[in-house]
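Visitor: mmCIF, C-alpha atoms and all ligand atoms, saved as final.cif, coming up:
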```
data_coords
loop_
_atom_site.label_atom_id
_atom_site.label_comp_id
_atom_site.auth_asym_id
_atom_site.auth_seq_id
_atom_site.Cartn_x
_atom_site.Cartn_y
_atom_site.Cartn_z
CA MET A 4 107.90 123.30 80.59
CA LYS A 5 105.31 126.03 81.18
CA LYS A 6 101.97 124.29 80.69
CA ILE A 7 101.07 120.61 80.90
CA VAL A 8 97.87 118.56 80.60
CA VAL A 9 97.26 115.91 83.23
CA THR A 10 94.57 113.47 82.11
CA GLY A 11 92.93 111.58 84.97
CA GLY A 12 94.13 114.35 87.31
CA ALA A 13 91.03 114.04 89.50
CA GLY A 14 91.89 110.45 90.45
CA PHE A 15 94.18 109.09 93.14
CA ILE A 16 97.71 109.30 91.70
CA GLY A 17 96.83 111.96 89.10
CA SER A 18 95.68 114.41 91.78
CA ALA A 19 98.84 113.74 93.81
CA PHE A 20 100.85 114.48 90.65
CA VAL A 21 98.94 117.75 90.08
CA ARG A 22 99.63 118.83 93.67
CA TYR A 23 103.28 117.73 93.41
CA SER A 24 103.84 119.58 90.12
CA LEU A 25 102.26 122.83 91.33
CA ARG A 26 104.29 122.87 94.54
CA THR A 27 107.56 121.86 92.83
CA TYR A 28 107.44 124.18 89.80
CA PRO A 29 106.19 127.68 90.75
CA ASP A 30 105.90 128.83 87.11
CA LEU A 31 103.98 125.79 85.86
CA HIS A 32 100.32 125.84 84.77
CA VAL A 33 98.46 122.53 84.96
CA VAL A 34 95.36 121.63 82.95
CA THR A 35 93.49 118.72 84.53
CA PHE A 36 91.38 116.85 81.97
CA ASP A 37 89.15 114.22 83.54
CA LYS A 38 85.94 112.39 82.66
CA LEU A 39 84.96 112.13 86.33
CA THR A 40 84.08 108.47 86.29
CA TYR A 41 83.10 106.88 89.60
CA ALA A 42 86.82 107.12 90.55
CA GLY A 43 87.29 110.80 89.69
CA ASN A 44 86.62 113.33 92.42
CA LEU A 45 87.17 117.09 92.35
CA GLU A 46 87.51 116.99 96.15
CA ASN A 47 90.94 115.47 95.48
CA LEU A 48 92.00 118.83 94.01
CA ARG A 49 90.32 121.08 96.55
CA ASP A 50 93.63 122.52 97.83
CA VAL A 51 95.28 123.41 94.50
CA ASP A 52 96.18 126.99 93.60
CA GLU A 53 93.38 127.85 91.15
CA SER A 54 95.40 130.66 89.55
CA ARG A 55 97.77 128.03 88.07
CA HIS A 56 95.22 125.29 87.46
CA THR A 57 92.47 124.76 84.89
CA TYR A 58 89.95 121.95 85.02
CA ILE A 59 88.25 120.52 81.92
CA GLN A 60 85.73 117.70 82.09
CA GLY A 61 86.19 115.35 79.14
CA ASP A 62 86.83 111.84 77.88
CA ILE A 63 90.18 110.82 76.32
CA ALA A 64 88.18 108.46 74.09
CA ASP A 65 86.78 111.65 72.46
CA TYR A 66 89.53 112.78 70.05
CA ASP A 67 88.29 116.36 69.57
CA ALA A 68 87.99 116.91 73.30
CA ILE A 69 91.50 115.73 74.13
CA HIS A 70 93.02 117.49 71.11
CA GLY A 71 91.39 120.74 72.28
CA ALA A 72 92.75 120.36 75.81
CA MET A 73 96.29 119.65 74.58
CA GLU A 74 96.49 122.73 72.34
CA GLY A 75 99.15 125.14 73.62
CA CYS A 76 100.57 122.62 76.11
CA ASP A 77 104.21 121.46 76.19
CA ALA A 78 103.51 118.00 77.57
CA ILE A 79 100.81 115.54 78.50
CA VAL A 80 100.91 113.08 81.38
CA ASN A 81 98.21 110.43 81.12
CA PHE A 82 96.78 108.93 84.29
CA ALA A 83 93.28 108.50 82.85
CA ALA A 84 92.37 104.84 83.02
CA ASP A 85 89.95 102.32 84.32
CA THR A 86 92.10 100.84 87.05
CA HIS A 87 90.47 98.17 89.16
CA VAL A 88 91.23 94.52 88.35
CA ASP A 89 88.05 93.21 90.01
CA ARG A 90 85.87 95.58 87.97
CA SER A 91 87.66 94.53 84.77
CA ILE A 92 86.66 90.95 85.55
CA LEU A 93 83.00 92.04 85.81
CA GLY A 94 83.29 93.71 82.36
CA ALA A 95 86.13 95.37 80.45
CA THR A 96 84.44 97.49 77.75
CA ASP A 97 85.30 100.79 79.45
CA PHE A 98 88.85 99.55 80.08
CA ILE A 99 89.38 99.04 76.37
CA SER A 100 87.79 102.37 75.45
CA THR A 101 89.91 104.40 77.87
CA ASN A 102 93.12 102.37 78.25
CA VAL A 103 93.50 101.58 74.54
CA THR A 104 91.40 103.93 72.35
CA GLY A 105 91.94 106.87 74.74
CA VAL A 106 95.71 106.37 74.68
CA TYR A 107 95.67 106.18 70.86
CA ASN A 108 93.78 109.51 70.75
CA ILE A 109 96.40 111.15 72.97
CA LEU A 110 99.17 109.90 70.67
CA GLU A 111 97.38 111.12 67.55
CA ALA A 112 96.70 114.52 69.11
CA ALA A 113 100.37 114.76 70.20
CA LYS A 114 101.43 114.02 66.62
CA ALA A 115 99.07 116.65 65.21
CA LEU A 116 100.13 119.28 67.76
CA ASN A 117 103.86 118.42 67.95
CA THR A 118 103.57 118.04 71.73
CA GLU A 119 107.09 117.96 73.14
CA ARG A 120 106.65 115.14 75.65
CA VAL A 121 104.03 112.45 76.23
CA LEU A 122 104.22 110.40 79.41
CA LEU A 123 101.94 107.39 79.76
CA VAL A 124 101.49 106.12 83.28
CA SER A 125 101.35 102.34 83.19
CA THR A 126 101.64 99.53 85.69
CA ASP A 127 103.93 96.71 86.82
CA GLU A 128 100.94 94.43 86.18
CA ILE A 129 101.67 94.37 82.44
CA TYR A 130 104.57 91.96 83.15
CA GLY A 131 102.26 89.46 84.85
CA SER A 132 103.32 87.54 87.92
CA ILE A 133 106.89 86.59 88.90
CA ALA A 134 107.73 83.88 91.44
CA GLU A 135 111.28 85.05 92.20
CA GLY A 136 113.44 88.02 91.28
CA SER A 137 112.18 91.24 89.69
CA PHE A 138 111.20 92.30 86.19
CA VAL A 139 113.32 94.77 84.20
CA GLU A 140 111.95 96.97 81.44
CA THR A 141 113.09 94.68 78.62
CA ASP A 142 111.17 91.68 79.95
CA PRO A 143 108.15 90.71 77.85
CA GLN A 144 104.61 91.82 78.60
CA GLU A 145 102.52 88.91 79.91
CA PRO A 146 99.39 90.51 81.35
CA LYS A 147 97.02 88.05 82.98
CA ASN A 148 93.80 89.99 83.63
CA PRO A 149 91.59 92.28 81.51
CA TYR A 150 92.84 95.45 83.28
CA SER A 151 96.54 94.71 82.79
CA ALA A 152 95.91 93.49 79.23
CA SER A 153 94.23 96.79 78.35
CA LYS A 154 97.16 98.73 79.85
CA ALA A 155 99.60 96.57 77.89
CA GLY A 156 97.61 97.28 74.72
CA GLY A 157 97.90 101.04 75.28
CA GLU A 158 101.64 100.67 75.86
CA LEU A 159 102.17 98.70 72.65
CA ILE A 160 100.36 101.30 70.57
CA ALA A 161 102.45 104.03 72.20
CA LEU A 162 105.76 102.32 71.54
CA ALA A 163 104.70 101.62 67.94
CA HIS A 164 103.72 105.29 67.58
CA HIS A 165 107.18 106.31 68.76
CA ASN A 166 108.83 103.90 66.34
CA THR A 167 106.67 104.90 63.37
CA PHE A 168 106.14 108.64 63.86
CA GLY A 169 108.82 109.60 66.39
CA THR A 170 106.16 110.59 68.94
CA PRO A 171 108.16 111.51 72.10
CA VAL A 172 106.57 108.93 74.39
CA MET A 173 107.88 107.79 77.74
CA ILE A 174 106.18 105.04 79.77
CA THR A 175 106.35 104.46 83.50
CA ARG A 176 105.36 101.16 85.11
CA GLY A 177 104.56 101.72 88.76
CA SER A 178 104.02 99.35 91.66
CA ASN A 179 100.88 99.13 93.80
CA THR A 180 100.43 102.64 95.14
CA TYR A 181 99.04 103.74 98.51
CA GLY A 182 98.28 106.97 100.36
CA PRO A 183 95.50 109.57 100.76
CA TYR A 184 92.59 110.00 98.30
CA GLN A 185 92.54 106.42 96.95
CA TYR A 186 89.07 105.17 95.95
CA PRO A 187 88.04 102.64 98.61
CA GLU A 188 87.72 99.72 96.19
CA LYS A 189 91.48 99.09 96.52
CA ILE A 190 92.75 96.96 99.39
CA MET A 191 94.21 99.60 101.71
CA PRO A 192 91.42 102.21 101.83
CA LEU A 193 88.80 99.43 101.64
CA PHE A 194 90.17 97.67 104.69
CA ILE A 195 90.82 100.85 106.72
CA THR A 196 87.34 102.27 106.08
CA ASN A 197 85.61 98.91 106.69
CA LEU A 198 87.37 98.67 110.04
CA ALA A 199 86.34 102.24 110.88
CA ASP A 200 82.76 101.01 110.44
CA ASP A 201 83.40 97.87 112.54
CA GLU A 202 82.99 95.74 109.41
CA LYS A 203 85.16 92.81 108.38
CA VAL A 204 87.85 92.97 105.72
CA PRO A 205 87.43 90.62 102.73
CA LEU A 206 90.81 88.91 102.25
CA TYR A 207 91.21 86.80 99.12
CA SER A 208 92.35 83.19 99.51
CA GLY A 209 93.91 83.61 102.93
CA GLY A 210 96.19 86.41 101.74
CA GLU A 211 99.49 84.68 102.46
CA ASN A 212 99.93 83.59 98.84
CA ASN A 213 99.95 87.00 97.23
CA VAL A 214 102.71 89.59 97.29
CA ARG A 215 102.57 93.23 96.20
CA ASP A 216 105.28 95.91 96.17
CA TRP A 217 103.97 99.07 97.90
CA LEU A 218 104.91 102.55 96.64
CA TYR A 219 103.85 105.74 98.43
CA VAL A 220 101.76 108.00 96.19
CA ASP A 221 104.05 111.06 96.39
CA ASP A 222 107.03 108.86 95.50
CA HIS A 223 105.10 107.58 92.50
CA ALA A 224 104.37 111.19 91.49
CA SER A 225 108.03 112.20 91.75
CA GLY A 226 109.10 109.10 89.81
CA ILE A 227 106.73 109.99 86.97
CA ASP A 228 108.01 113.57 87.02
CA THR A 229 111.62 112.34 86.80
CA ALA A 230 110.81 110.22 83.75
CA LEU A 231 108.86 113.11 82.18
CA ARG A 232 111.70 115.60 82.54
CA HIS A 233 114.82 113.44 82.34
CA GLY A 234 113.69 110.30 80.49
CA SER A 235 114.32 109.58 76.82
CA PRO A 236 111.57 109.20 74.21
CA GLY A 237 110.73 105.59 73.42
CA GLU A 238 111.93 104.41 76.84
CA VAL A 239 110.13 102.60 79.65
CA TYR A 240 110.89 103.16 83.36
CA ASN A 241 109.89 100.94 86.28
CA VAL A 242 108.84 102.85 89.42
CA ALA A 243 109.22 100.49 92.40
CA GLY A 244 108.58 101.00 96.12
CA ASP A 245 111.12 98.26 97.03
CA ASN A 246 108.67 97.33 99.70
CA GLU A 247 107.16 93.89 99.15
CA ARG A 248 104.57 92.52 101.54
CA GLU A 249 102.38 89.43 101.59
CA ASN A 250 98.73 90.48 101.74
CA ILE A 251 98.31 88.80 105.12
CA VAL A 252 101.23 90.82 106.53
CA LEU A 253 99.75 94.04 105.15
CA THR A 254 96.32 93.12 106.52
CA ASN A 255 97.67 92.36 110.00
CA ARG A 256 99.48 95.71 110.12
CA ILE A 257 96.29 97.55 109.11
CA LEU A 258 94.32 95.62 111.76
CA GLU A 259 96.90 96.55 114.39
CA LEU A 260 96.90 100.25 113.45
CA CYS A 261 93.08 100.24 113.57
CA GLY A 262 92.99 98.57 117.01
CA LYS A 263 91.47 95.30 115.68
CA ASP A 264 92.54 91.66 115.56
CA ASP A 265 92.26 88.82 113.07
CA SER A 266 88.64 88.15 114.04
CA SER A 267 87.94 91.09 111.69
CA ILE A 268 89.23 89.10 108.70
CA GLN A 269 86.59 87.55 106.44
CA LEU A 270 88.25 85.09 104.09
CA VAL A 271 86.58 85.22 100.68
CA LYS A 272 86.78 83.20 97.48
CA ASP A 273 89.80 84.18 95.44
CA ARG A 274 89.81 86.61 92.50
CA PRO A 275 89.85 84.56 89.25
CA GLY A 276 93.29 84.58 87.64
CA HIS A 277 94.79 86.29 90.71
CA ASP A 278 98.43 87.20 90.03
CA PHE A 279 100.72 85.71 92.69
CA ARG A 280 103.47 88.34 92.97
CA TYR A 281 104.46 91.65 91.37
CA SER A 282 108.07 92.76 91.57
CA ILE A 283 110.02 95.24 89.47
CA ASP A 284 113.57 96.57 89.40
CA ALA A 285 113.74 100.38 89.17
CA SER A 286 117.53 100.72 88.64
CA LYS A 287 116.93 102.51 85.33
CA LEU A 288 114.93 105.29 87.01
CA HIS A 289 117.39 105.40 89.93
CA ALA A 290 120.08 106.21 87.34
CA LEU A 291 118.07 109.36 86.48
CA GLY A 292 118.30 110.46 90.12
CA TRP A 293 114.99 109.19 91.57
CA LYS A 294 114.55 107.14 94.73
CA PRO A 295 111.44 106.55 96.85
CA GLN A 296 111.58 108.68 100.02
CA MET A 297 108.76 107.34 102.17
CA ASP A 298 109.61 104.83 104.88
CA TRP A 299 107.06 101.98 105.03
CA ASP A 300 106.21 102.25 108.75
CA LYS A 301 105.65 105.99 108.48
CA GLY A 302 103.77 105.67 105.19
CA ILE A 303 101.25 103.12 106.42
CA GLU A 304 100.76 104.89 109.77
CA GLU A 305 100.11 108.23 108.04
CA THR A 306 97.82 106.58 105.51
CA VAL A 307 95.68 104.87 108.15
CA ALA A 308 95.54 108.14 110.11
CA TRP A 309 94.54 110.09 106.99
CA TYR A 310 91.48 107.90 106.33
CA GLN A 311 90.57 107.98 110.01
CA ASP A 312 90.77 111.79 109.99
CA ASN A 313 89.06 112.27 106.62
CA GLU A 314 85.79 110.40 106.89
CA ALA A 315 84.16 113.45 105.26
CA TRP A 316 86.08 112.52 102.10
CA TRP A 317 85.26 108.78 101.94
CA ARG A 318 81.84 108.57 103.55
CA PRO A 319 79.97 110.04 100.53
CA ILE A 320 81.86 107.62 98.26
CA LYS A 321 81.01 104.58 100.35
CA ASN A 322 77.37 105.69 100.56
CA GLY A 323 77.23 106.30 96.80
CA GLU A 324 78.09 104.18 93.73
CA PHE A 325 80.44 102.06 95.81
CA LYS A 326 77.62 100.52 97.84
CA GLU A 327 76.05 98.63 94.92
CA TYR A 328 79.47 97.64 93.56
CA TYR A 329 80.53 96.21 96.92
CA LYS A 330 77.37 94.12 97.24
CA ARG A 331 77.77 92.76 93.74
CA GLN A 332 81.49 92.08 94.10
CA TYR A 333 81.54 90.42 97.52
CA ALA A 334 78.10 88.75 97.80
CA ASN A 335 78.23 85.02 98.58
CA ARG A 336 82.01 84.81 98.50
CA GLU A 337 82.66 83.84 102.10
CA VAL A 338 84.78 80.71 102.53
P1 LIG B 1 91.97 106.14 89.68
O1 LIG B 1 91.04 105.04 89.33
O2 LIG B 1 92.01 106.65 91.10
O3 LIG B 1 91.68 107.42 88.77
C1 LIG B 1 91.51 107.36 87.38
C2 LIG B 1 91.10 108.75 86.92
O4 LIG B 1 90.96 108.72 85.49
C3 LIG B 1 89.76 109.21 87.49
O5 LIG B 1 89.85 110.56 87.90
C4 LIG B 1 88.80 109.06 86.31
O6 LIG B 1 87.70 109.95 86.36
C5 LIG B 1 89.72 109.34 85.14
N1 LIG B 1 89.26 108.74 83.88
C6 LIG B 1 88.86 107.44 83.68
N2 LIG B 1 88.51 107.26 82.40
C7 LIG B 1 88.71 108.46 81.77
C8 LIG B 1 88.54 108.88 80.43
N3 LIG B 1 88.07 108.06 79.49
N4 LIG B 1 88.87 110.16 80.12
C9 LIG B 1 89.31 111.03 81.09
N5 LIG B 1 89.48 110.67 82.37
C10 LIG B 1 89.19 109.39 82.71
O7 LIG B 1 93.39 105.66 89.20
P2 LIG B 1 94.83 105.73 89.88
O8 LIG B 1 94.93 104.64 90.86
O9 LIG B 1 95.11 107.12 90.27
O10 LIG B 1 95.74 105.32 88.63
C11 LIG B 1 96.23 106.32 87.75
C12 LIG B 1 97.08 105.66 86.71
O11 LIG B 1 98.17 104.97 87.33
C13 LIG B 1 96.35 104.63 85.85
O12 LIG B 1 96.77 104.77 84.53
C14 LIG B 1 96.80 103.30 86.43
O13 LIG B 1 96.78 102.29 85.44
C15 LIG B 1 98.20 103.63 86.90
N6 LIG B 1 98.70 102.85 88.03
C16 LIG B 1 97.99 102.76 89.19
C17 LIG B 1 98.51 102.05 90.27
C18 LIG B 1 97.77 101.94 91.59
O14 LIG B 1 98.19 101.18 92.46
N7 LIG B 1 96.69 102.68 91.80
C19 LIG B 1 99.75 101.43 90.15
C20 LIG B 1 100.46 101.54 88.95
C21 LIG B 1 99.92 102.27 87.89
P1 LIG B 2 94.18 95.70 94.68
O1 LIG B 2 94.24 96.80 95.69
O2 LIG B 2 92.89 95.44 93.99
O3 LIG B 2 95.36 95.94 93.64
P2 LIG B 2 95.91 94.95 92.45
O4 LIG B 2 94.96 93.86 92.23
O5 LIG B 2 95.95 95.91 91.31
O6 LIG B 2 97.25 94.49 92.92
O7 LIG B 2 94.60 94.35 95.38
C1 LIG B 2 95.85 94.23 96.03
C2 LIG B 2 95.94 92.82 96.59
O8 LIG B 2 94.94 92.66 97.60
C3 LIG B 2 95.65 91.76 95.55
O9 LIG B 2 96.51 90.63 95.79
C4 LIG B 2 94.22 91.36 95.81
C5 LIG B 2 94.06 91.59 97.30
N1 LIG B 2 92.70 92.01 97.72
C6 LIG B 2 92.03 91.30 98.73
O10 LIG B 2 92.55 90.33 99.32
N2 LIG B 2 90.76 91.70 99.07
C7 LIG B 2 90.15 92.74 98.46
O11 LIG B 2 88.98 93.06 98.81
C8 LIG B 2 90.86 93.49 97.45
C9 LIG B 2 90.21 94.66 96.76
C10 LIG B 2 92.14 93.08 97.11
#
```
Just dump the structure as structure tokens.

Guide:
Amino acid sequence: MKKIVVTGGAGFIGSAFVRYSLRTYPDLHVVTFDKLTYAGNLENLRDVDESRHTYIQGDIADYDAIHGAMEGCDAIVNFAADTHVDRSILGATDFISTNVTGVYNILEAAKALNTERVLLVSTDEIYGSIAEGSFVETDPQEPKNPYSASKAGGELIALAHHNTFGTPVMITRGSNTYGPYQYPEKIMPLFITNLADDEKVPLYSGGENNVRDWLYVDDHASGIDTALRHGSPGEVYNVAGDNERENIVLTNRILELCGKDDSSIQLVKDRPGHDFRYSIDASKLHALGWKPQMDWDKGIEETVAWYQDNEAWWRPIKNGEFKEYYKRQYANREV
């Protein structure tokens, strides 16, 4: 592989994947194609080697634009998505445009250009919630919120494209991801940056009922790369952190690392349709040689320290579009 397109490469995991790919493969050229929605940020790519990186601003829902970017590339890795469950509950039009129509455009462009490999980054949320045990790739999709339903829709079109046209599609389904450069609407950066400002953290429904599996962002990037290079077309691969935590346990650890106590917790009304627990089994990807490397204690300590040391990165975000969103999302929800 000499040249790849990374759509959504200015976002959280996409930018980590761009950095990972450039440092792992010295002969690789990466084209980042990104719409720069509220979640996209070129600051996330400030350290990349510009001689091996090209940036194009564009929308995957625009067929001509994505077709143009993919010309001459061996592979495409799609991170571009609307990604926040709470925002999808406020309105899901953009989710359907990007996560469904955008994915279809990528598949059609790959067919027209004979692109060698197409990797779609998806989520463990497409399975829905599981009370006990862990989902494997053959379990049915049962998405329960507009975000996960739109991701499931994109997946179904991709698998049908593979079946019908032989498009060389691989899908990864990752767990909740954490680390540097995550937009502060998601629980970890939201809580860390609120605490840095001596504000409370809005915990849904007491927190003890909900469980997420936490995957460090560089481990997610290497898992996606393993599936891209060693996976088989038409196959799906779970990418798990094997690191499940109840939200209240996660919150208490963040409070401790930030020098606060539980008086900084503001319990708020629950998210409608809130999935209880996500859990996936990544044995299939382990068989291709991948394993997560980051230890949980080190990962969360480094992540808290990164946000504390990089206020210059998140302050403009929190003072910008985020401010109105936060007011709208959390107003009058105290319980
Ligand atoms: P993010 O919200 O941080 O970034 C998304 C990026 O996509 C942004 O740079 C944005 O500008 C870009 N984008 C959005 N719509 C676009 C469009 N129409 N055309 C081009 N670019 C567009 O997202 P993330 O957390 O980095 O997630 C990346 C991918 O990983 C998504 O597909 C998501 O579903 C998946 N995923 C995320 C997690 C997680 O915990 N964050 C877990 C599993 C899977
Ligand atoms: P989030 O980071 O939004 O990821 P996802 O919904 O995709 O799993 O949320 C992670 C968990 O944290 C989820 O159970 C909801 C909870 N949560 C809160 O308690 N308060 C918040 O302000 C947010 C954003 C999330």

Visitor: For His56 of chain A, find every residue with an atom within 9 Å (counting only C-alpha atoms), except residues of its own chain fewer than 6 positions away, and show them as a PyMOL selection string.

Guide: chain A and resi 21+25+31-35

Visitor: Report the distance between atom CA of Ala224 of chain A and atom CA of Pro295 of chain A in Å, rounded to one decimal place.

Guide: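 Separation between atom CA of Ala224 of chain A and atom CA of Pro295 of chain A: 10.0 Å.
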
Visitor: Return as a Markdown table the residues of chain A lying at most 6 Å from ligand LIG 1 (chain B), together with the closest atom-to-atom pair for each and the distance in Å to one decimal, counting all atoms listed in the file, with rows in chain order and ascending residue number.

Guide:
```
| residue | atom | partner | partner_atom | distance |
| --- | --- | --- | --- | --- |
| A:Thr10 | CA | B:LIG1 | N5 | 5.8 |
| A:Gly11 | CA | B:LIG1 | O4 | 3.5 |
| A:Gly12 | CA | B:LIG1 | O5 | 5.7 |
| A:Ala13 | CA | B:LIG1 | O5 | 4.0 |
| A:Gly14 | CA | B:LIG1 | O5 | 3.3 |
| A:Phe15 | CA | B:LIG1 | O9 | 3.6 |
| A:Ile16 | CA | B:LIG1 | O9 | 3.7 |
| A:Gly17 | CA | B:LIG1 | O9 | 5.3 |
| A:Asp37 | CA | B:LIG1 | N5 | 3.8 |
| A:Lys38 | CA | B:LIG1 | N5 | 3.9 |
| A:Leu39 | CA | B:LIG1 | O6 | 3.5 |
| A:Thr40 | CA | B:LIG1 | O6 | 3.9 |
| A:Ala42 | CA | B:LIG1 | C3 | 4.7 |
| A:Gly43 | CA | B:LIG1 | O5 | 3.1 |
| A:Gly61 | CA | B:LIG1 | C9 | 5.7 |
| A:Asp62 | CA | B:LIG1 | N4 | 3.5 |
| A:Ile63 | CA | B:LIG1 | N4 | 4.1 |
| A:Ala64 | CA | B:LIG1 | N3 | 5.4 |
| A:Phe82 | CA | B:LIG1 | C12 | 4.1 |
| A:Ala83 | CA | B:LIG1 | O4 | 3.5 |
| A:Ala84 | CA | B:LIG1 | C6 | 4.4 |
| A:Asp85 | CA | B:LIG1 | C6 | 5.3 |
| A:Thr86 | CA | B:LIG1 | O1 | 4.9 |
| A:Thr101 | CA | B:LIG1 | N3 | 4.4 |
| A:Val124 | CA | B:LIG1 | O12 | 5.1 |
| A:Ser125 | CA | B:LIG1 | C21 | 4.9 |
| A:Thr126 | CA | B:LIG1 | C21 | 3.9 |
| A:Gly177 | CA | B:LIG1 | C20 | 4.1 |
| A:Ser178 | CA | B:LIG1 | C20 | 5.0 |
| A:Asn179 | CA | B:LIG1 | O14 | 3.6 |
| A:Thr180 | CA | B:LIG1 | O14 | 3.8 |
| A:Gln185 | CA | B:LIG1 | O2 | 5.9 |
| A:Tyr186 | CA | B:LIG1 | O2 | 5.9 |
```

Visitor: Give as a list in words the residues surrounding ligand LIG 2 (chain B) up to a distance of 6 Å, considering only C-alpha atoms and all ligand atoms.

Guide: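 Answer in the requested format: Val88, Asn179, Glu188, Lys189, Ile190, Pro205, Leu206, Tyr207, Gly210 and Asn213 of chain A.
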
Visitor: Using only C-alpha atoms, which residue out of A:His223, A:His87, A:Lys147, A:Arg274 lies closest to Ser18 of chain A?

Guide: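 Comparing A:His223, A:His87, A:Lys147, A:Arg274 against Ser18 of chain A, the winner is A:His223.
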
Visitor: Between atom CA of Thr196 of chain A and atom CA of Tyr310 of chain A, what is the distance in Å, rounded to a tenth?

Guide: 7.0 Å

Visitor: For Pro187 of chain A, which residue among A:Leu93, A:Ile7, A:Ile320, A:Leu122 is the nearest when counting only C-alpha atoms?

Guide: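 Between A:Leu93, A:Ile7, A:Ile320, A:Leu122, the residue approaching Pro187 of chain A most closely is A:Ile320.
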
Visitor: Considering only C-alpha atoms, state which residue in the set A:Thr27, A:Thr118, A:Asn255, A:Asn322 is at the smallest distance from Glu211 of chain A.

Guide: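 Among the listed residues, A:Asn255 lies closest to Glu211 of chain A.
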
Visitor: Measuring between all atoms listed in the file, which one of A:Ala152, A:Ile69, A:Val220, A:Ala199 shows the shortest distance to Gly302 of chain A?

Guide: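 That would be A:Val220, the residue with the smallest distance to Gly302 of chain A.
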
Visitor: How many Å separate atom CA of Thr57 of chain A from atom CA of Val9 of chain A?

Guide: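 Answer for the atom CA of Thr57 of chain A to atom CA of Val9 of chain A separation: 10.2 Å.
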
Visitor: From the list A:Gly169, A:Pro183, A:Gly244, A:Gly105, which residue is nearest Ser153 of chain A when using only C-alpha atoms?

Guide: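 Closest to Ser153 of chain A, using only C-alpha atoms: A:Gly105.
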
Visitor: Taking N, CA, C and O atoms as the atom set, what does segment 186-197 of chain A look like once completed, written as a PDB file, in the frame of the given file?

Guide:
```
ATOM      1  N   TYR A 186      90.470 105.659  95.949  1.00  0.00           N
ATOM      2  CA  TYR A 186      89.070 105.170  95.950  1.00  0.00           C
ATOM      3  C   TYR A 186      89.000 103.873  96.761  1.00  0.00           C
ATOM      4  O   TYR A 186      89.814 102.955  96.546  1.00  0.00           O
ATOM      5  N   PRO A 187      88.023 103.760  97.668  1.00  0.00           N
ATOM      6  CA  PRO A 187      88.040 102.640  98.610  1.00  0.00           C
ATOM      7  C   PRO A 187      87.611 101.289  98.052  1.00  0.00           C
ATOM      8  O   PRO A 187      87.143 100.433  98.805  1.00  0.00           O
ATOM      9  N   GLU A 188      87.852 101.066  96.760  1.00  0.00           N
ATOM     10  CA  GLU A 188      87.720  99.720  96.190  1.00  0.00           C
ATOM     11  C   GLU A 188      89.039  98.966  96.319  1.00  0.00           C
ATOM     12  O   GLU A 188      89.057  97.736  96.274  1.00  0.00           O
ATOM     13  N   LYS A 189      90.158  99.707  96.445  1.00  0.00           N
ATOM     14  CA  LYS A 189      91.480  99.090  96.520  1.00  0.00           C
ATOM     15  C   LYS A 189      91.759  98.640  97.952  1.00  0.00           C
ATOM     16  O   LYS A 189      91.180  99.187  98.896  1.00  0.00           O
ATOM     17  N   ILE A 190      92.661  97.665  98.105  1.00  0.00           N
ATOM     18  CA  ILE A 190      92.750  96.960  99.390  1.00  0.00           C
ATOM     19  C   ILE A 190      92.973  97.878 100.589  1.00  0.00           C
ATOM     20  O   ILE A 190      92.276  97.751 101.597  1.00  0.00           O
ATOM     21  N   MET A 191      93.899  98.825 100.489  1.00  0.00           N
ATOM     22  CA  MET A 191      94.210  99.600 101.710  1.00  0.00           C
ATOM     23  C   MET A 191      93.050 100.475 102.172  1.00  0.00           C
ATOM     24  O   MET A 191      92.590 100.331 103.307  1.00  0.00           O
ATOM     25  N   PRO A 192      92.533 101.383 101.336  1.00  0.00           N
ATOM     26  CA  PRO A 192      91.420 102.210 101.830  1.00  0.00           C
ATOM     27  C   PRO A 192      90.159 101.392 102.115  1.00  0.00           C
ATOM     28  O   PRO A 192      89.391 101.736 103.014  1.00  0.00           O
ATOM     29  N   LEU A 193      89.968 100.284 101.378  1.00  0.00           N
ATOM     30  CA  LEU A 193      88.800  99.430 101.640  1.00  0.00           C
ATOM     31  C   LEU A 193      88.876  98.865 103.059  1.00  0.00           C
ATOM     32  O   LEU A 193      87.917  98.940 103.833  1.00  0.00           O
ATOM     33  N   PHE A 194      90.040  98.319 103.391  1.00  0.00           N
ATOM     34  CA  PHE A 194      90.170  97.670 104.690  1.00  0.00           C
ATOM     35  C   PHE A 194      90.115  98.708 105.821  1.00  0.00           C
ATOM     36  O   PHE A 194      89.444  98.501 106.833  1.00  0.00           O
ATOM     37  N   ILE A 195      90.788  99.837 105.641  1.00  0.00           N
ATOM     38  CA  ILE A 195      90.820 100.850 106.720  1.00  0.00           C
ATOM     39  C   ILE A 195      89.405 101.390 106.973  1.00  0.00           C
ATOM     40  O   ILE A 195      88.972 101.530 108.118  1.00  0.00           O
ATOM     41  N   THR A 196      88.672 101.665 105.896  1.00  0.00           N
ATOM     42  CA  THR A 196      87.340 102.270 106.080  1.00  0.00           C
ATOM     43  C   THR A 196      86.330 101.212 106.564  1.00  0.00           C
ATOM     44  O   THR A 196      85.435 101.532 107.335  1.00  0.00           O
ATOM     45  N   ASN A 197      86.479  99.960 106.131  1.00  0.00           N
ATOM     46  CA  ASN A 197      85.610  98.910 106.690  1.00  0.00           C
ATOM     47  C   ASN A 197      85.815  98.791 108.197  1.00  0.00           C
ATOM     48  O   ASN A 197      84.857  98.687 108.966  1.00  0.00           O
TER      49      ASN A 197
END
```
